[in-house]
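Data from protein-v6.txt: compact mmCIF, C-alpha atoms
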```txt
# COMPACT_ATOMS: atom_id res chain seq x y z
CA MET S 1 8.28 16.33 -7.31
CA SER S 2 11.11 13.84 -7.20
CA SER S 3 12.52 12.63 -10.48
CA GLU S 4 14.30 9.80 -8.68
CA ARG S 5 12.47 6.52 -8.93
CA LYS S 6 12.51 4.24 -5.95
CA ILE S 7 13.96 0.82 -6.55
CA ARG S 8 11.61 -1.94 -5.51
CA ILE S 9 12.95 -5.32 -4.48
CA LEU S 10 11.12 -8.54 -3.71
CA VAL S 11 12.85 -10.96 -1.39
CA ALA S 12 11.48 -14.43 -1.12
CA LYS S 13 12.15 -17.89 0.21
CA PRO S 14 11.15 -20.50 -2.32
CA GLY S 15 10.55 -24.10 -1.36
CA LEU S 16 10.49 -25.92 1.93
CA ASP S 17 13.41 -24.22 3.63
CA GLY S 18 12.23 -22.57 6.84
CA HIS S 19 15.27 -20.54 7.81
CA ASP S 20 14.44 -16.91 7.27
CA ARG S 21 16.76 -15.02 9.60
CA GLY S 22 19.20 -14.30 6.79
CA VAL S 23 16.62 -13.04 4.34
CA LYS S 24 15.08 -10.82 7.03
CA ILE S 25 18.48 -9.31 7.80
CA VAL S 26 19.01 -8.59 4.11
CA ALA S 27 15.52 -7.06 3.88
CA ARG S 28 16.33 -4.72 6.73
CA ALA S 29 19.68 -3.81 5.21
CA TYR S 30 17.96 -2.99 1.94
CA ARG S 31 15.44 -0.81 3.76
CA ASP S 32 18.22 1.03 5.56
CA ALA S 33 19.87 1.60 2.20
CA GLY S 34 16.73 3.33 0.94
CA PHE S 35 15.08 0.56 -1.08
CA GLU S 36 11.47 -0.56 -0.87
CA VAL S 37 11.46 -4.24 -0.02
CA ILE S 38 8.53 -6.57 -0.34
CA TYR S 39 9.03 -9.70 1.71
CA THR S 40 6.70 -12.52 0.84
CA GLY S 41 7.55 -14.96 3.62
CA LEU S 42 8.34 -18.65 3.70
CA HIS S 43 7.39 -21.61 1.56
CA GLN S 44 6.76 -19.74 -1.64
CA THR S 45 6.28 -21.50 -4.94
CA PRO S 46 7.96 -19.98 -7.98
CA GLU S 47 4.46 -19.10 -9.23
CA GLN S 48 3.65 -17.16 -6.05
CA ILE S 49 6.97 -15.34 -6.21
CA VAL S 50 6.65 -14.31 -9.85
CA ASN S 51 3.01 -13.25 -9.50
CA ALA S 52 3.90 -11.09 -6.53
CA ALA S 53 6.84 -9.62 -8.44
CA LEU S 54 4.56 -8.72 -11.35
CA GLN S 55 1.88 -7.16 -9.16
CA GLU S 56 4.43 -5.17 -7.21
CA ASP S 57 6.37 -4.11 -10.33
CA VAL S 58 9.72 -4.85 -8.71
CA ASP S 59 13.09 -4.32 -10.36
CA LEU S 60 14.87 -7.11 -8.54
CA ILE S 61 14.00 -10.49 -7.04
CA GLY S 62 16.29 -11.75 -4.31
CA LEU S 63 15.86 -15.43 -3.57
CA SER S 64 17.12 -17.02 -0.39
CA CYS S 65 17.85 -20.67 -0.91
CA LEU S 66 19.37 -22.88 1.73
CA SER S 67 17.63 -26.14 1.03
CA GLY S 68 19.38 -27.65 -1.93
CA ALA S 69 16.42 -27.45 -4.28
CA HIS S 70 18.00 -24.56 -6.12
CA MET S 71 18.46 -26.29 -9.45
CA TYR S 72 14.70 -26.64 -9.81
CA LEU S 73 13.33 -23.62 -7.98
CA LEU S 74 15.62 -20.88 -9.23
CA PRO S 75 15.53 -21.61 -12.97
CA ARG S 76 11.75 -22.04 -12.66
CA VAL S 77 11.48 -18.46 -11.41
CA VAL S 78 13.51 -17.24 -14.38
CA GLU S 79 11.39 -19.34 -16.71
CA LEU S 80 8.13 -17.91 -15.34
CA LEU S 81 9.45 -14.39 -15.72
CA LYS S 82 10.19 -15.16 -19.36
CA GLU S 83 6.69 -16.59 -19.86
CA ASN S 84 5.26 -13.37 -18.49
CA LYS S 85 7.55 -11.24 -20.68
CA ALA S 86 9.23 -9.85 -17.58
CA GLU S 87 12.80 -10.90 -18.16
CA ASP S 88 13.87 -7.36 -17.34
CA ILE S 89 13.32 -8.21 -13.68
CA ILE S 90 16.75 -9.20 -12.39
CA VAL S 91 17.11 -12.27 -10.19
CA ILE S 92 19.85 -12.75 -7.60
CA VAL S 93 20.31 -15.49 -5.07
CA GLY S 94 21.70 -15.75 -1.58
CA GLY S 95 22.35 -18.97 0.23
CA ILE S 96 23.99 -22.34 0.02
CA ILE S 97 24.79 -23.09 -3.59
CA PRO S 98 27.44 -25.64 -4.54
CA LYS S 99 30.23 -23.98 -6.50
CA GLU S 100 29.78 -26.27 -9.48
CA ASP S 101 26.16 -25.11 -9.91
CA ILE S 102 27.01 -21.43 -9.99
CA PRO S 103 28.00 -21.21 -13.68
CA LYS S 104 24.94 -23.28 -14.62
CA LEU S 105 22.64 -20.96 -12.71
CA LYS S 106 24.23 -17.87 -14.18
CA LYS S 107 23.81 -19.31 -17.64
CA MET S 108 20.12 -19.88 -16.89
CA GLY S 109 19.65 -16.22 -16.02
CA ILE S 110 20.55 -15.72 -12.36
CA LYS S 111 22.53 -12.48 -12.34
CA GLU S 112 24.55 -12.93 -9.17
CA ILE S 113 24.94 -15.38 -6.33
CA PHE S 114 25.92 -14.49 -2.77
CA LEU S 115 27.36 -17.38 -0.81
CA PRO S 116 27.56 -17.73 2.99
CA GLY S 117 30.09 -15.20 4.23
CA SER S 118 28.93 -12.48 1.84
CA SER S 119 28.72 -9.23 3.75
CA LEU S 120 25.67 -7.02 3.76
CA SER S 121 27.71 -4.18 2.29
CA GLU S 122 28.75 -6.48 -0.59
CA ILE S 123 25.09 -7.16 -1.35
CA ILE S 124 24.04 -3.53 -0.99
CA ASN S 125 26.93 -2.24 -3.07
CA TRP S 126 26.28 -4.75 -5.83
CA THR S 127 22.63 -3.74 -5.84
CA ARG S 128 23.42 -0.04 -5.98
CA ALA S 129 25.93 -0.56 -8.77
CA ASN S 130 23.84 -2.89 -10.90
CA MET S 131 20.29 -1.87 -10.33
CA LYS S 132 18.28 0.82 -11.93
CA PRO S 133 14.49 1.12 -12.14
CA ARG S 134 13.00 -1.17 -14.80
CA HIS S 135 11.20 1.59 -16.57
CA ALA S 136 13.02 4.76 -17.52
CA MET A 1 -2.94 6.17 -23.63
CA SER A 2 -1.81 2.59 -23.99
CA LEU A 3 -1.28 1.79 -20.30
CA ALA A 4 -4.82 2.92 -19.52
CA LYS A 5 -6.27 0.67 -22.23
CA GLU A 6 -4.40 -2.31 -20.82
CA VAL A 7 -5.54 -1.52 -17.28
CA LEU A 8 -9.15 -1.48 -18.50
CA GLN A 9 -8.57 -4.96 -19.91
CA GLY A 10 -7.31 -6.14 -16.54
CA ASN A 11 -3.66 -6.48 -17.56
CA ILE A 12 -1.63 -7.05 -14.39
CA LYS A 13 1.74 -5.83 -15.63
CA ALA A 14 0.29 -2.63 -17.07
CA THR A 15 -1.65 -1.96 -13.88
CA ALA A 16 1.40 -2.58 -11.72
CA ARG A 17 3.49 -0.30 -13.88
CA LEU A 18 0.94 2.50 -13.87
CA ILE A 19 0.62 2.31 -10.09
CA ARG A 20 4.38 2.67 -9.88
CA ASP A 21 4.43 5.61 -12.28
CA VAL A 22 1.75 7.24 -10.16
CA GLU A 23 3.76 6.62 -6.98
CA ASP A 24 6.85 8.14 -8.59
CA GLU A 25 4.72 11.06 -9.81
CA LEU A 26 5.55 10.76 -13.49
CA PRO A 27 3.79 13.38 -15.65
CA SER A 28 2.87 10.62 -18.12
CA ALA A 29 0.91 8.90 -15.38
CA ILE A 30 -1.43 11.87 -15.16
CA GLU A 31 -2.56 11.39 -18.75
CA GLU A 32 -3.30 7.73 -18.03
CA LEU A 33 -5.24 8.64 -14.89
CA LYS A 34 -7.33 11.08 -16.91
CA ALA A 35 -8.21 8.31 -19.35
CA LEU A 36 -9.17 5.96 -16.53
CA TYR A 37 -11.27 8.36 -14.49
CA PRO A 38 -14.55 7.86 -16.40
CA HIS A 39 -14.29 4.16 -15.56
CA THR A 40 -14.08 4.63 -11.81
CA GLY A 41 -16.83 4.58 -9.20
CA ARG A 42 -17.89 0.95 -9.40
CA SER A 43 -15.73 -0.78 -6.81
CA TYR A 44 -16.85 -1.20 -3.23
CA ILE A 45 -14.11 0.19 -1.03
CA ILE A 46 -13.40 -1.09 2.45
CA GLY A 47 -10.82 0.57 4.69
CA ILE A 48 -9.23 -1.53 7.40
CA THR A 49 -7.25 0.12 10.10
CA GLY A 50 -5.77 -0.99 13.41
CA SER A 51 -2.60 -1.12 15.41
CA PRO A 52 0.31 -3.34 14.45
CA GLY A 53 -0.34 -6.78 15.86
CA SER A 54 -4.11 -6.57 15.69
CA GLY A 55 -4.18 -9.17 12.93
CA LYS A 56 -5.29 -6.92 10.08
CA SER A 57 -3.43 -8.79 7.38
CA THR A 58 -4.66 -12.19 8.53
CA LEU A 59 -8.19 -10.83 8.67
CA ILE A 60 -7.84 -9.44 5.17
CA ASP A 61 -6.56 -12.81 4.00
CA MET A 62 -9.78 -14.36 5.35
CA LEU A 63 -11.95 -11.63 3.87
CA ILE A 64 -10.36 -12.20 0.45
CA ASP A 65 -11.33 -15.85 0.78
CA ALA A 66 -14.89 -15.02 1.79
CA PHE A 67 -15.40 -12.51 -1.02
CA ARG A 68 -13.84 -14.83 -3.59
CA LYS A 69 -16.29 -17.55 -2.54
CA ARG A 70 -19.02 -15.03 -3.34
CA GLY A 71 -17.55 -14.58 -6.80
CA LYS A 72 -16.05 -11.14 -6.27
CA THR A 73 -12.71 -9.95 -7.62
CA ILE A 74 -10.50 -8.13 -5.14
CA GLY A 75 -7.90 -5.41 -5.09
CA VAL A 76 -5.81 -4.98 -1.96
CA ILE A 77 -3.75 -1.91 -1.08
CA ALA A 78 -1.43 -2.60 1.85
CA ILE A 79 0.20 0.52 3.22
CA ASP A 80 3.30 0.42 5.40
CA PRO A 81 5.47 3.24 6.70
CA SER A 82 8.69 4.35 5.01
CA SER A 83 11.72 4.86 7.20
CA PRO A 84 12.06 8.58 7.84
CA PHE A 85 15.84 8.13 7.90
CA SER A 86 16.63 6.08 4.83
CA GLY A 87 13.47 6.56 2.79
CA GLY A 88 13.31 2.80 2.36
CA ALA A 89 10.59 0.49 3.57
CA ILE A 90 9.83 -3.10 4.39
CA LEU A 91 6.45 -3.98 2.98
CA GLY A 92 5.46 -7.18 4.67
CA ASP A 93 1.68 -7.27 4.64
CA ARG A 94 1.64 -9.61 1.66
CA ILE A 95 3.08 -12.40 3.78
CA ARG A 96 -0.29 -13.19 5.29
CA MET A 97 -2.08 -13.03 1.94
CA GLN A 98 0.36 -14.85 -0.28
CA ARG A 99 -1.86 -17.90 -0.75
CA HIS A 100 -3.92 -15.68 -3.05
CA ALA A 101 -0.89 -14.70 -5.14
CA THR A 102 -1.75 -17.17 -7.88
CA ASP A 103 -5.44 -16.23 -7.97
CA GLY A 104 -6.01 -14.10 -11.05
CA GLY A 105 -9.02 -12.48 -9.39
CA VAL A 106 -6.92 -10.94 -6.62
CA PHE A 107 -4.47 -8.06 -7.10
CA ILE A 108 -2.37 -7.16 -4.08
CA ARG A 109 -0.21 -4.05 -4.04
CA SER A 110 2.06 -2.85 -1.26
CA LEU A 111 2.56 0.90 -0.89
CA ALA A 112 5.09 2.71 1.27
CA THR A 113 4.01 5.99 2.82
CA ARG A 114 7.16 7.75 1.50
CA GLY A 115 6.75 10.60 3.99
CA TRP A 116 3.98 12.16 1.94
CA ARG A 117 2.79 15.33 3.60
CA GLY A 118 -0.85 14.33 3.66
CA GLY A 119 -0.41 13.37 0.04
CA LEU A 120 -0.84 9.80 1.15
CA SER A 121 -4.50 10.27 0.41
CA ARG A 122 -3.71 11.45 -3.08
CA ALA A 123 -1.46 8.52 -3.95
CA THR A 124 -3.88 6.04 -2.41
CA ALA A 125 -6.82 7.70 -4.15
CA ASN A 126 -5.04 7.24 -7.46
CA VAL A 127 -4.28 3.60 -6.77
CA ILE A 128 -7.91 3.06 -5.75
CA ASN A 129 -9.02 4.60 -9.04
CA ILE A 130 -6.67 2.38 -10.99
CA MET A 131 -7.91 -0.81 -9.30
CA ASP A 132 -11.47 0.46 -9.72
CA ALA A 133 -10.97 0.99 -13.45
CA MET A 134 -9.26 -2.39 -13.68
CA GLY A 135 -12.61 -3.86 -12.69
CA LYS A 136 -12.08 -5.05 -9.14
CA ASP A 137 -15.43 -5.55 -7.36
CA VAL A 138 -14.02 -4.95 -3.90
CA ILE A 139 -10.99 -2.94 -2.84
CA LEU A 140 -9.51 -3.52 0.61
CA ILE A 141 -7.18 -0.87 2.00
CA GLU A 142 -5.00 -1.73 4.96
CA THR A 143 -3.37 1.04 7.02
CA VAL A 144 -1.89 1.35 10.45
CA GLY A 145 -4.33 4.05 11.45
CA ALA A 146 -1.98 6.14 13.49
CA GLY A 147 -2.41 9.53 11.90
CA GLN A 148 -4.42 12.11 10.08
CA ALA A 149 -3.64 10.66 6.68
CA GLU A 150 -5.38 7.48 7.63
CA VAL A 151 -8.43 9.45 8.71
CA ASP A 152 -8.42 11.02 5.25
CA ILE A 153 -8.31 7.62 3.60
CA ILE A 154 -11.42 6.66 5.50
CA ASN A 155 -13.21 9.40 3.57
CA PHE A 156 -12.52 7.45 0.38
CA THR A 157 -14.08 4.26 1.66
CA HIS A 158 -17.65 3.03 1.65
CA THR A 159 -17.18 0.95 4.77
CA SER A 160 -14.44 1.59 7.28
CA MET A 161 -13.41 -1.02 9.78
CA VAL A 162 -11.25 -0.64 12.84
CA ILE A 163 -9.59 -3.75 14.24
CA LEU A 164 -9.00 -3.97 17.95
CA VAL A 165 -7.50 -6.65 20.14
CA PRO A 166 -8.34 -7.38 23.80
CA GLY A 167 -5.84 -5.96 26.23
CA MET A 168 -4.94 -2.81 24.33
CA GLY A 169 -6.33 -0.20 26.71
CA ASP A 170 -4.17 2.71 25.60
CA TRP A 171 -4.87 2.18 21.95
CA VAL A 172 -8.60 2.35 22.52
CA GLN A 173 -8.06 5.72 24.21
CA THR A 174 -6.16 7.05 21.22
CA LEU A 175 -8.69 5.78 18.77
CA LYS A 176 -11.58 7.30 20.69
CA ALA A 177 -10.14 10.63 19.69
CA GLY A 178 -10.75 10.12 16.02
CA ILE A 179 -10.83 7.01 13.96
CA LEU A 180 -12.95 4.95 16.28
CA GLU A 181 -15.75 7.44 15.91
CA ILE A 182 -15.66 7.29 12.15
CA ALA A 183 -15.64 3.51 11.94
CA ASP A 184 -18.70 1.82 10.50
CA ILE A 185 -17.66 -1.57 11.80
CA LEU A 186 -15.59 -2.42 14.85
CA VAL A 187 -13.86 -5.78 14.89
CA ILE A 188 -12.48 -7.38 18.01
CA ASN A 189 -9.96 -9.82 16.60
CA LYS A 190 -8.13 -12.49 18.58
CA ALA A 191 -11.44 -12.73 20.43
CA ASP A 192 -10.27 -15.88 22.19
CA LYS A 193 -7.95 -13.70 24.29
CA LYS A 194 -8.91 -12.61 27.78
CA GLY A 195 -10.74 -9.31 27.91
CA ALA A 196 -12.71 -9.70 24.68
CA ASP A 197 -16.08 -9.41 26.38
CA GLU A 198 -14.95 -6.46 28.47
CA LEU A 199 -13.69 -4.68 25.37
CA LYS A 200 -17.00 -5.33 23.62
CA ALA A 201 -18.89 -3.90 26.59
CA GLU A 202 -16.59 -0.86 26.68
CA LEU A 203 -17.16 -0.22 22.99
CA GLU A 204 -20.92 -0.64 23.30
CA ALA A 205 -20.96 1.83 26.17
CA MET A 206 -18.94 4.30 24.14
CA LEU A 207 -21.29 3.93 21.18
CA GLN A 208 -24.30 4.47 23.38
CA MET A 209 -22.88 7.74 24.62
CA SER A 210 -22.39 9.05 21.10
CA ALA A 211 -25.33 10.81 19.57
CA TYR A 212 -26.58 8.95 16.54
CA SER A 213 -29.65 10.22 14.76
CA PRO A 214 -32.27 7.49 14.25
CA GLN A 215 -31.57 7.34 10.51
CA ALA A 216 -27.82 7.06 10.87
CA TRP A 217 -25.87 3.82 10.73
CA LYS A 218 -25.01 2.56 14.18
CA PRO A 219 -21.55 1.01 14.15
CA LYS A 220 -21.69 -2.76 14.52
CA ILE A 221 -19.26 -4.78 16.61
CA PHE A 222 -18.01 -8.19 15.51
CA LEU A 223 -15.83 -10.72 17.28
CA THR A 224 -13.42 -12.69 15.15
CA GLU A 225 -10.51 -15.07 15.40
CA ALA A 226 -9.02 -14.52 11.98
CA VAL A 227 -6.33 -17.11 12.43
CA ASN A 228 -8.99 -19.74 13.19
CA ASN A 229 -11.39 -18.50 10.51
CA LYS A 230 -14.04 -17.71 13.14
CA GLY A 231 -16.56 -14.92 12.82
CA ILE A 232 -15.59 -14.09 9.25
CA ASP A 233 -18.91 -14.91 7.62
CA GLU A 234 -20.77 -12.81 10.17
CA LEU A 235 -18.37 -9.95 9.51
CA VAL A 236 -18.90 -10.18 5.75
CA GLU A 237 -22.67 -10.17 6.32
CA GLY A 238 -22.20 -7.04 8.38
CA ILE A 239 -20.32 -5.40 5.51
CA TYR A 240 -23.13 -6.29 3.12
CA GLN A 241 -25.66 -4.87 5.57
CA HIS A 242 -23.73 -1.61 5.64
CA LYS A 243 -23.60 -1.58 1.87
CA GLU A 244 -27.37 -2.09 1.66
CA PHE A 245 -27.85 0.69 4.18
CA LEU A 246 -25.71 3.06 2.11
CA ILE A 247 -27.59 2.27 -1.08
CA SER A 248 -31.03 2.58 0.49
CA THR A 249 -30.25 5.89 2.19
CA GLY A 250 -28.45 7.52 -0.72
CA GLY A 251 -25.21 7.22 1.19
CA HIS A 252 -23.67 5.63 -1.85
CA ASP A 253 -24.17 8.80 -3.87
CA THR A 254 -22.95 10.94 -1.02
CA HIS A 255 -19.81 8.84 -0.95
CA LEU A 256 -19.16 9.46 -4.64
CA LYS A 257 -19.66 13.19 -4.17
CA GLU A 258 -17.39 13.40 -1.14
CA ARG A 259 -14.73 11.35 -2.84
CA ALA A 260 -14.85 13.56 -5.91
CA ARG A 261 -14.64 16.68 -3.77
CA LEU A 262 -11.67 15.37 -1.79
CA GLU A 263 -9.82 14.24 -4.87
CA LEU A 264 -10.31 17.52 -6.63
CA ILE A 265 -9.13 19.53 -3.64
CA GLU A 266 -6.08 17.32 -3.10
CA VAL A 267 -5.03 17.60 -6.72
CA LEU A 268 -5.80 21.30 -6.79
CA LYS A 269 -3.75 21.97 -3.65
CA SER A 270 -0.79 20.12 -5.01
CA SER A 271 -0.99 21.65 -8.50
CA LEU A 272 -1.37 25.17 -7.11
CA MET A 273 1.55 24.77 -4.76
CA ASP A 274 3.79 23.39 -7.49
CA HIS A 275 2.83 26.40 -9.57
CA VAL A 276 3.45 28.85 -6.72
CA PHE A 277 6.82 27.37 -5.84
CA GLN A 278 7.92 27.57 -9.44
CA ILE A 279 7.37 31.31 -9.32
CA VAL A 280 8.54 32.18 -5.83
CA ASN A 281 11.73 30.19 -6.19
CA LYS A 282 12.84 32.49 -9.00
CA ASN A 283 15.38 35.15 -8.09
CA ASN A 284 15.44 33.97 -4.47
CA TYR A 285 12.14 35.73 -3.87
CA LEU A 286 11.07 33.12 -1.35
CA GLU A 287 14.40 33.05 0.43
CA LYS A 288 14.36 36.85 0.79
CA LEU A 289 10.88 36.67 2.36
CA ILE A 290 12.07 34.01 4.79
CA ASP A 291 14.98 36.22 5.71
CA ASP A 292 12.52 39.07 6.34
CA LEU A 293 10.51 36.76 8.58
CA VAL A 294 13.53 35.74 10.64
CA ASN A 295 14.47 39.39 11.08
CA LYS A 296 10.89 40.27 11.93
CA ARG A 297 10.57 42.71 9.04
CA THR A 298 7.31 40.97 8.16
CA ASP A 299 5.02 38.22 9.46
CA PRO A 300 3.74 35.01 7.83
CA TYR A 301 0.30 36.47 7.03
CA SER A 302 1.67 39.58 5.37
CA ALA A 303 4.29 37.55 3.55
CA ALA A 304 1.69 35.15 2.18
CA SER A 305 -0.46 38.09 1.19
CA ASP A 306 2.49 39.61 -0.69
CA ILE A 307 3.07 36.37 -2.56
CA ILE A 308 -0.57 36.23 -3.65
CA LYS A 309 -0.46 39.88 -4.71
CA LYS A 310 2.70 39.20 -6.69
CA LEU A 311 1.13 36.25 -8.47
CA ALA A 312 -1.97 38.25 -9.33
CA GLN A 313 -0.02 41.30 -10.46
CA GLU A 314 2.25 39.36 -12.72
CA GLY A 315 -0.83 37.72 -14.19
CA LYS A 316 0.54 34.38 -13.18
CA LEU A 317 -2.54 33.05 -11.45
```
Since I need it in another form, could you write the structure as structure tokens?
Amino acid sequence: MSSERKIRILVAKPGLDGHDRGVKIVARAYRDAGFEVIYTGLHQTPEQIVNAALQEDVDLIGLSCLSGAHMYLLPRVVELLKENKAEDIIVIVGGIIPKEDIPKLKKMGIKEIFLPGSSLSEIINWTRANMKPRHA
Amino acid sequence: MSLAKEVLQGNIKATARLIRDVEDELPSAIEELKALYPHTGRSYIIGITGSPGSGKSTLIDMLIDAFRKRGKTIGVIAIDPSSPFSGGAILGDRIRMQRHATDGGVFIRSLATRGWRGGLSRATANVINIMDAMGKDVILIETVGAGQAEVDIINFTHTSMVILVPGMGDWVQTLKAGILEIADILVINKADKKGADELKAELEAMLQMSAYSPQAWKPKIFLTEAVNNKGIDELVEGIYQHKEFLISTGGHDTHLKERARLELIEVLKSSLMDHVFQIVNKNNYLEKLIDDLVNKRTDPYSAASDIIKKLAQEGKL
């Protein structure tokens, strides 16, 4: 009987952006690091992402955003989590985010942002260091 | 008891959390499961198995649609393998079903196999019970169908479906050995591909050679193109026909009995073994026996016998 709880992560691509190679590579890296990763595919609305996160009881949501709609989509995810009393689910973002938007996003509740050039080990190490299962 | 109460009210977060506690084998989860058990036995459970690439998830997506149109609420359990090396998993079945993510009548949960030694049935059985107690009319279980564990899961289902695709010769051979013979419904998906009719003929021939008593259910074959939404209504009708058959022949009650028996034995096995290991791991008793085995001072049967004697003598059993 293992007392170690598996960390569950949901990775998603919100919005119209159809480039998923990056998010798939991250999903695989997470799997190889021992996490359980739910990948919900392309063209997700914030509602779809949050509902999936709630049903799957994930600890972390990783959003891949390359389309420029980040200032609507990402805060909307955080907002929906709040509405569902699930603010303990941590949200991180990978993708193309203009530097001037980063502080704004962090203020709105995005925990960390990984820009192009971030290495997989950076992402995995951050996750290992900052993530623990939501429920004790 | 509070999680159980919330599950009975259909609370998504509570249900998701309990499922996770059950997966992680928390002792507190057991108390919740006890509270939920009296409320189980109402859902109709459909097992769907087939090789990767057969279109299971797309088919399930269509089935969800069809059942929702008939006013049913749905629970989906999508099982994917854990990596034996890292222990992690990519659970991607949801991708094909995500359009239902905002439908409050549909609850989709992805499970990783986590290298359970046949305990896959136990974890899945618990998740089935939770979705059952939550009030879902229909529960769809998706598995790859490659091993014994999947055969066990079929024992928990009312209707089991195997999905095949034309042009998969070898797979049909493998399935003949086990799962194919247990299936109540055979689905040839991607039926627009070459070889669909030949596969249907092959399956019909195989079914004819099997001995079915006149009162038994003869497996039905359906052709579908899930991606094009073809053949789905006929398939759903077939499921309803099987359900009617079960009810009219008492098969429904047999199912409940078999499920109860299986569940009890699974839990018993696991509880007993936990108990035994607690005792034999004390003072290196087990390790000494293993050493004796390696040096041929005893054999596995005698060793096991000694363990049982020890448990009985010490009044520990």
With chain S as the partner and 9 Å as the cut-off, tabulate the residues of chain A that qualify, each row holding the nearest pair of atoms and their distance in Å to one decimal, using only C-alpha atoms, sorted by chain and rising number, as a tab-separated table.
```
residue	atom	partner	partner_atom	distance
A:Ile12	CA	S:Gln55	CA	6.3
A:Lys13	CA	S:Leu54	CA	5.9
A:Thr15	CA	S:Gln55	CA	7.9
A:Ala16	CA	S:Gln55	CA	5.3
A:Arg17	CA	S:Asp57	CA	6.0
A:Ile19	CA	S:Asp57	CA	8.6
A:Arg20	CA	S:Asp57	CA	7.1
A:Asp21	CA	S:Arg5	CA	8.8
A:Glu23	CA	S:Arg5	CA	8.9
A:Asp24	CA	S:Arg5	CA	5.9
A:Glu25	CA	S:Met1	CA	6.8
A:Leu26	CA	S:Ser3	CA	7.8
A:Ser82	CA	S:Glu36	CA	8.1
A:Ser83	CA	S:Arg31	CA	7.6
A:Phe85	CA	S:Asp32	CA	7.8
A:Ser86	CA	S:Gly34	CA	4.8
A:Gly87	CA	S:Gly34	CA	4.9
A:Gly88	CA	S:Gly34	CA	3.7
A:Ala89	CA	S:Glu36	CA	4.6
A:Ile90	CA	S:Val37	CA	4.8
A:Leu91	CA	S:Ile38	CA	4.7
A:Gly92	CA	S:Tyr39	CA	5.3
A:Asp93	CA	S:Thr40	CA	8.2
A:Arg94	CA	S:Thr40	CA	5.9
A:Ile95	CA	S:Thr40	CA	4.7
A:Arg96	CA	S:Gly41	CA	8.2
A:Met97	CA	S:Thr40	CA	8.9
A:Gln98	CA	S:Thr40	CA	6.8
A:Arg99	CA	S:Gln48	CA	7.7
A:His100	CA	S:Gln48	CA	8.3
A:Ala101	CA	S:Gln48	CA	5.2
A:Thr102	CA	S:Gln48	CA	5.7
A:Phe107	CA	S:Gln55	CA	6.7
A:Ile108	CA	S:Gln55	CA	6.6
A:Arg109	CA	S:Glu56	CA	5.7
A:Ser110	CA	S:Glu56	CA	6.8
A:Leu111	CA	S:Glu56	CA	9.0
A:Ala112	CA	S:Glu36	CA	7.5
A:Asp274	CA	S:Met1	CA	8.4
```
Would you save the residues of that selection, restricted to C-alpha atoms, as a short mmCIF file (atom, residue, chain, number, x, y, z; two decimals), in the frame of the given file?
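Dumped everything to again-v6.cif:
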```
data_model
loop_
_atom_site.label_atom_id
_atom_site.label_comp_id
_atom_site.auth_asym_id
_atom_site.auth_seq_id
_atom_site.Cartn_x
_atom_site.Cartn_y
_atom_site.Cartn_z
CA ILE A 12 -1.63 -7.05 -14.39
CA LYS A 13 1.74 -5.83 -15.63
CA THR A 15 -1.65 -1.96 -13.88
CA ALA A 16 1.40 -2.58 -11.72
CA ARG A 17 3.49 -0.30 -13.88
CA ILE A 19 0.62 2.31 -10.09
CA ARG A 20 4.38 2.67 -9.88
CA ASP A 21 4.43 5.61 -12.28
CA GLU A 23 3.76 6.62 -6.98
CA ASP A 24 6.85 8.14 -8.59
CA GLU A 25 4.72 11.06 -9.81
CA LEU A 26 5.55 10.76 -13.49
CA SER A 82 8.69 4.35 5.01
CA SER A 83 11.72 4.86 7.20
CA PHE A 85 15.84 8.13 7.90
CA SER A 86 16.63 6.08 4.83
CA GLY A 87 13.47 6.56 2.79
CA GLY A 88 13.31 2.80 2.36
CA ALA A 89 10.59 0.49 3.57
CA ILE A 90 9.83 -3.10 4.39
CA LEU A 91 6.45 -3.98 2.98
CA GLY A 92 5.46 -7.18 4.67
CA ASP A 93 1.68 -7.27 4.64
CA ARG A 94 1.64 -9.61 1.66
CA ILE A 95 3.08 -12.40 3.78
CA ARG A 96 -0.29 -13.19 5.29
CA MET A 97 -2.08 -13.03 1.94
CA GLN A 98 0.36 -14.85 -0.28
CA ARG A 99 -1.86 -17.90 -0.75
CA HIS A 100 -3.92 -15.68 -3.05
CA ALA A 101 -0.89 -14.70 -5.14
CA THR A 102 -1.75 -17.17 -7.88
CA PHE A 107 -4.47 -8.06 -7.10
CA ILE A 108 -2.37 -7.16 -4.08
CA ARG A 109 -0.21 -4.05 -4.04
CA SER A 110 2.06 -2.85 -1.26
CA LEU A 111 2.56 0.90 -0.89
CA ALA A 112 5.09 2.71 1.27
CA ASP A 274 3.79 23.39 -7.49
#
```
- Using only C-alpha atoms, which residues sit within 8 Å of S:Ile97 once same-chain residues fewer than 5 positions away are excluded, as a list in words?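 Near neighbours after the sequence-gap exclusion: Cys65, Leu66, Gly68, His70, Ile102 and Leu115 of chain S.
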- Task: Find the spatial neighbours of A:Ser54, counting all atoms listed in the file, within a cut-off of 9 Å - ignore same-chain residues fewer than 6 positions away - and output them as a list in words.
- Result: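 The neighbour list is Ile163, Leu164, Val165, Ile188, Asn189 and Lys190 of chain A.
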- Task: Quick one: everything within 10 Å of S:Leu63, counting all atoms listed in the file, minus sequence neighbours fewer than 6 positions away in the same chain. Send it as a list in words.
- Result: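 With the cut-off at 10 Å, the set is Leu10, Val11, Ala12, Lys13, Pro14, Val23, Ile49, His70, Leu73, Leu74, Val77, Val91, Ile92, Val93, Gly94, Gly95, Ile110 and Ile113 of chain S.
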- Using all atoms listed in the file, which residue out of S:Glu79, S:Asp17, S:Glu122, S:Asp88 lies closest to S:Ser64?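 Of S:Glu79, S:Asp17, S:Glu122, S:Asp88, the one nearest S:Ser64 is S:Asp17, counting all atoms listed in the file.
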